[in-house]
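K.L.:
Here you go, this is input10.pdb (PDB, C-alpha atoms).
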```pdb
ATOM      1  CA  MET P 165     115.984 134.814 119.851
ATOM      2  CA  SER P 166     114.423 131.427 119.522
ATOM      3  CA  GLN P 167     113.802 129.833 116.200
ATOM      4  CA  SER P 168     110.696 127.796 115.806
ATOM      5  CA  SER P 169     110.710 124.901 113.436
ATOM      6  CA  PRO P 170     107.834 124.643 110.979
ATOM      7  CA  SER P 171     104.978 122.616 112.338
ATOM      8  CA  TYR P 172     104.206 119.496 110.361
ATOM      9  CA  ASN P 173     100.645 118.667 111.301
ATOM     10  CA  THR P 174      99.979 116.567 108.233
ATOM     11  CA  LYS P 175      99.856 112.900 109.073
ATOM     12  CA  LYS P 176     100.983 110.313 106.590
ATOM     13  CA  VAL P 177      98.865 107.224 106.134
ATOM     14  CA  CYS P 178     100.786 103.997 105.745
ATOM     15  CA  ARG P 179     100.637 102.134 102.472
ATOM     16  CA  THR P 180      99.072  99.036 104.014
ATOM     17  CA  CYS P 181      96.224 101.086 105.466
ATOM     18  CA  MET P 182      95.561 102.655 102.075
ATOM     19  CA  VAL P 183      95.456  99.229 100.397
ATOM     20  CA  ILE P 184      93.031  97.945 103.014
ATOM     21  CA  ARG P 185      90.820 101.013 102.616
ATOM     22  CA  MET P 186      90.747 100.664  98.827
ATOM     23  CA  PHE P 187      89.920  96.957  99.132
ATOM     24  CA  VAL P 188      87.061  97.600 101.552
ATOM     25  CA  LEU P 189      85.739 100.386  99.317
ATOM     26  CA  ALA P 190      85.898  98.149  96.234
ATOM     27  CA  MET P 191      84.061  95.341  98.056
ATOM     28  CA  LEU P 192      81.406  97.803  99.205
ATOM     29  CA  VAL P 193      80.910  99.030  95.633
ATOM     30  CA  LEU P 194      80.644  95.428  94.401
ATOM     31  CA  VAL P 195      78.009  94.593  97.004
ATOM     32  CA  ILE P 196      75.973  97.693  96.175
ATOM     33  CA  VAL P 197      76.181  97.033  92.426
ATOM     34  CA  GLY P 198      75.265  93.395  93.010
ATOM     35  CA  LEU P 199      72.186  94.385  94.983
ATOM     36  CA  LEU P 200      71.050  97.061  92.560
ATOM     37  CA  ALA P 201      71.697  95.235  89.273
ATOM     38  CA  ARG P 202      70.496  91.730  90.055
ATOM     39  CA  GLU P 203      68.907  91.136  86.653
ATOM     40  CA  GLN P 204      71.818  92.462  84.618
ATOM     41  CA  MET P 205      74.425  90.348  86.446
ATOM     42  CA  SER P 206      74.112  87.599  83.824
ATOM     43  CA  TYR P 207      76.688  89.493  81.751
ATOM     44  CA  LEU P 208      79.269  88.714  84.405
ATOM     45  CA  SER P 209      78.658  84.974  84.425
ATOM     46  CA  PHE P 210      82.043  84.323  82.791
ATOM     47  CA  ILE P 211      83.762  85.431  86.010
ATOM     48  CA  THR P 212      84.300  82.180  87.872
ATOM     49  CA  THR P 213      86.749  81.229  90.578
ATOM     50  CA  TRP P 214      88.910  79.363  88.058
ATOM     51  CA  ASN P 215      89.016  82.329  85.678
ATOM     52  CA  VAL P 216      90.029  84.648  88.504
ATOM     53  CA  ALA P 217      92.698  82.180  89.697
ATOM     54  CA  ILE P 218      94.100  81.860  86.173
ATOM     55  CA  ALA P 219      94.141  85.650  85.759
ATOM     56  CA  ILE P 220      96.013  86.058  89.066
ATOM     57  CA  MET P 221      98.578  83.427  88.053
ATOM     58  CA  ILE P 222      99.102  84.994  84.621
ATOM     59  CA  PHE P 223      99.505  88.439  86.189
ATOM     60  CA  GLY P 224     102.008  87.041  88.704
ATOM     61  CA  VAL P 225     104.084  85.272  86.063
ATOM     62  CA  LEU P 226     104.119  88.319  83.776
ATOM     63  CA  SER P 227     105.094  90.690  86.577
ATOM     64  CA  PHE P 228     107.857  88.285  87.664
ATOM     65  CA  ILE P 229     109.245  88.104  84.124
ATOM     66  CA  ILE P 230     109.172  91.890  83.728
ATOM     67  CA  LYS P 231     110.827  92.477  87.110
ATOM     68  CA  PHE P 232     113.454  89.813  86.379
ATOM     69  CA  ILE P 233     114.308  91.398  83.020
ATOM     70  CA  LEU P 234     114.530  94.871  84.583
ATOM     71  CA  TRP P 235     116.717  93.491  87.375
ATOM     72  CA  LYS P 236     119.072  91.846  84.874
ATOM     73  CA  LEU P 237     119.286  95.019  82.784
ATOM     74  CA  GLU P 238     120.035  97.077  85.891
ATOM     75  CA  ASP P 239     122.626  94.542  87.018
ATOM     76  CA  LYS P 240     124.298  94.637  83.600
ATOM     77  CA  LYS P 241     124.331  98.452  83.634
ATOM     78  CA  ASN P 242     125.903  98.523  87.094
ATOM     79  CA  SER P 243     128.534  95.927  86.218
ATOM     80  CA  SER P 244     129.722  97.938  83.202
ATOM     81  CA  ASP P 245     130.486 100.891  85.496
ATOM     82  CA  PRO P 246     134.297 101.005  85.840
ATOM     83  CA  LEU P 247     134.126 102.460  89.353
ATOM     84  CA  GLN P 248     132.175  99.434  90.591
ATOM     85  CA  ASN P 249     134.987  97.039  89.700
ATOM     86  CA  ASP P 250     137.560  98.501  92.115
TER      87      ASP P 250
END
```
If you convert what's in this file into structure tokens, what do you get?
P.N.:
Amino acid sequence: MSQSSPSYNTKKVCRTCMVIRMFVLAMLVLVIVGLLAREQMSYLSFITTWNVAIAIMIFGVLSFIIKFILWKLEDKKNSSDPLQND
């Protein structure tokens, strides 16, 4: 009697491909909105290259600080484990 293994036909999509797809979709939406709402785009005049660059740098610094704090807390928790000090 032969046993058949369950067939896994579902394909996983890699994370990089999903990020690229979301980026392309977001750019497509921005282009369509830009073409359709030409007159109302004056509300978005505060979005400049410098403002975007500053926002990216602030986000990067904040995420680094949060990850560093979480890493230190995890390191402190692991070092207080008596089995780790053998």
K.L.:
Could you jot down the atom CA of Val188 of chain P to atom CA of Val216 of chain P separation for me, Å, one decimal place?
P.N.:
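According to the coordinates, atom CA of Val188 of chain P and atom CA of Val216 of chain P are separated by 18.6 Å.
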K.L.:
One number please: atom CA of Val195 of chain P to atom CA of Cys181 of chain P, in Å, one decimal.
P.N.:
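We find that atom CA of Val195 of chain P and atom CA of Cys181 of chain P lie 21.1 Å from each other.
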K.L.:
Atom CA of Ile184 of chain P and atom CA of Trp235 of chain P are how many Å apart?
P.N.:
28.7 Å
K.L.:
From the coordinates supplied, segment 181-221 of chain P should be written with N, CA and C atoms, as a short mmCIF file (atom, residue, chain, number, x, y, z; two decimals), in the first residue's frame.
P.N.:
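Done, and the output landed in decode.cif:
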```cif
data_model
loop_
_atom_site.label_atom_id
_atom_site.label_comp_id
_atom_site.auth_asym_id
_atom_site.auth_seq_id
_atom_site.Cartn_x
_atom_site.Cartn_y
_atom_site.Cartn_z
N CYS P 181 9.78 40.22 -4.14
CA CYS P 181 8.81 40.37 -5.24
C CYS P 181 7.56 41.12 -4.77
N MET P 182 7.11 40.82 -3.56
CA MET P 182 5.93 41.51 -3.04
C MET P 182 6.22 42.99 -2.84
N VAL P 183 7.40 43.33 -2.34
CA VAL P 183 7.76 44.74 -2.15
C VAL P 183 7.81 45.45 -3.48
N ILE P 184 8.40 44.82 -4.48
CA ILE P 184 8.46 45.43 -5.81
C ILE P 184 7.07 45.63 -6.38
N ARG P 185 6.21 44.64 -6.23
CA ARG P 185 4.83 44.77 -6.73
C ARG P 185 4.08 45.90 -6.04
N MET P 186 4.23 46.00 -4.72
CA MET P 186 3.54 47.08 -4.00
C MET P 186 4.08 48.44 -4.42
N PHE P 187 5.39 48.55 -4.64
CA PHE P 187 5.99 49.80 -5.08
C PHE P 187 5.46 50.20 -6.45
N VAL P 188 5.44 49.26 -7.38
CA VAL P 188 4.94 49.56 -8.72
C VAL P 188 3.47 49.95 -8.67
N LEU P 189 2.68 49.26 -7.85
CA LEU P 189 1.27 49.60 -7.72
C LEU P 189 1.09 51.00 -7.12
N ALA P 190 1.88 51.34 -6.12
CA ALA P 190 1.79 52.67 -5.51
C ALA P 190 2.18 53.75 -6.50
N MET P 191 3.21 53.51 -7.30
CA MET P 191 3.62 54.50 -8.31
C MET P 191 2.55 54.66 -9.38
N LEU P 192 1.91 53.56 -9.75
CA LEU P 192 0.83 53.63 -10.73
C LEU P 192 -0.35 54.43 -10.20
N VAL P 193 -0.69 54.23 -8.93
CA VAL P 193 -1.78 55.00 -8.31
C VAL P 193 -1.40 56.48 -8.26
N LEU P 194 -0.15 56.79 -7.91
CA LEU P 194 0.27 58.19 -7.87
C LEU P 194 0.20 58.85 -9.24
N VAL P 195 0.58 58.14 -10.28
CA VAL P 195 0.52 58.71 -11.62
C VAL P 195 -0.92 58.95 -12.03
N ILE P 196 -1.80 58.00 -11.75
CA ILE P 196 -3.21 58.16 -12.11
C ILE P 196 -3.83 59.31 -11.34
N VAL P 197 -3.56 59.40 -10.04
CA VAL P 197 -4.10 60.51 -9.25
C VAL P 197 -3.53 61.84 -9.73
N GLY P 198 -2.26 61.86 -10.07
CA GLY P 198 -1.65 63.08 -10.59
C GLY P 198 -2.26 63.54 -11.89
N LEU P 199 -2.62 62.60 -12.75
CA LEU P 199 -3.25 62.96 -14.02
C LEU P 199 -4.69 63.40 -13.85
N LEU P 200 -5.39 62.78 -12.94
CA LEU P 200 -6.81 63.09 -12.76
C LEU P 200 -7.06 64.33 -11.91
N ALA P 201 -6.19 64.62 -10.98
CA ALA P 201 -6.42 65.73 -10.04
C ALA P 201 -5.35 66.80 -10.22
N ARG P 202 -5.17 67.27 -11.42
CA ARG P 202 -4.14 68.26 -11.70
C ARG P 202 -4.38 69.58 -10.97
N GLU P 203 -5.60 70.02 -10.91
CA GLU P 203 -5.90 71.31 -10.29
C GLU P 203 -5.81 71.25 -8.77
N GLN P 204 -6.14 70.13 -8.19
CA GLN P 204 -6.14 70.02 -6.73
C GLN P 204 -4.77 69.61 -6.17
N MET P 205 -3.76 69.49 -6.99
CA MET P 205 -2.44 69.08 -6.53
C MET P 205 -1.71 70.19 -5.77
N SER P 206 -2.26 71.38 -5.74
CA SER P 206 -1.61 72.48 -5.01
C SER P 206 -1.57 72.21 -3.51
N TYR P 207 -2.47 71.35 -3.03
CA TYR P 207 -2.47 71.00 -1.61
C TYR P 207 -1.22 70.20 -1.23
N LEU P 208 -0.62 69.57 -2.20
CA LEU P 208 0.55 68.74 -1.92
C LEU P 208 1.86 69.47 -2.22
N SER P 209 1.82 70.77 -2.30
CA SER P 209 3.02 71.53 -2.65
C SER P 209 4.07 71.50 -1.54
N PHE P 210 3.69 71.14 -0.33
CA PHE P 210 4.67 71.08 0.77
C PHE P 210 5.56 69.85 0.66
N ILE P 211 5.22 68.90 -0.20
CA ILE P 211 6.04 67.72 -0.39
C ILE P 211 7.15 68.06 -1.38
N THR P 212 8.33 68.30 -0.85
CA THR P 212 9.49 68.58 -1.68
C THR P 212 10.52 67.48 -1.47
N THR P 213 11.56 67.51 -2.27
CA THR P 213 12.59 66.48 -2.13
C THR P 213 13.29 66.57 -0.78
N TRP P 214 13.49 67.80 -0.28
CA TRP P 214 14.13 67.95 1.03
C TRP P 214 13.25 67.45 2.14
N ASN P 215 11.94 67.71 2.06
CA ASN P 215 11.03 67.22 3.10
C ASN P 215 10.98 65.69 3.12
N VAL P 216 10.98 65.09 1.95
CA VAL P 216 10.97 63.63 1.87
C VAL P 216 12.29 63.07 2.41
N ALA P 217 13.41 63.70 2.07
CA ALA P 217 14.72 63.23 2.56
C ALA P 217 14.80 63.35 4.08
N ILE P 218 14.30 64.44 4.63
CA ILE P 218 14.30 64.62 6.08
C ILE P 218 13.41 63.59 6.75
N ALA P 219 12.25 63.32 6.16
CA ALA P 219 11.34 62.31 6.73
C ALA P 219 11.98 60.93 6.71
N ILE P 220 12.68 60.58 5.63
CA ILE P 220 13.35 59.28 5.55
C ILE P 220 14.45 59.19 6.61
N MET P 221 15.22 60.27 6.79
CA MET P 221 16.28 60.24 7.80
C MET P 221 15.71 60.13 9.21
#
```
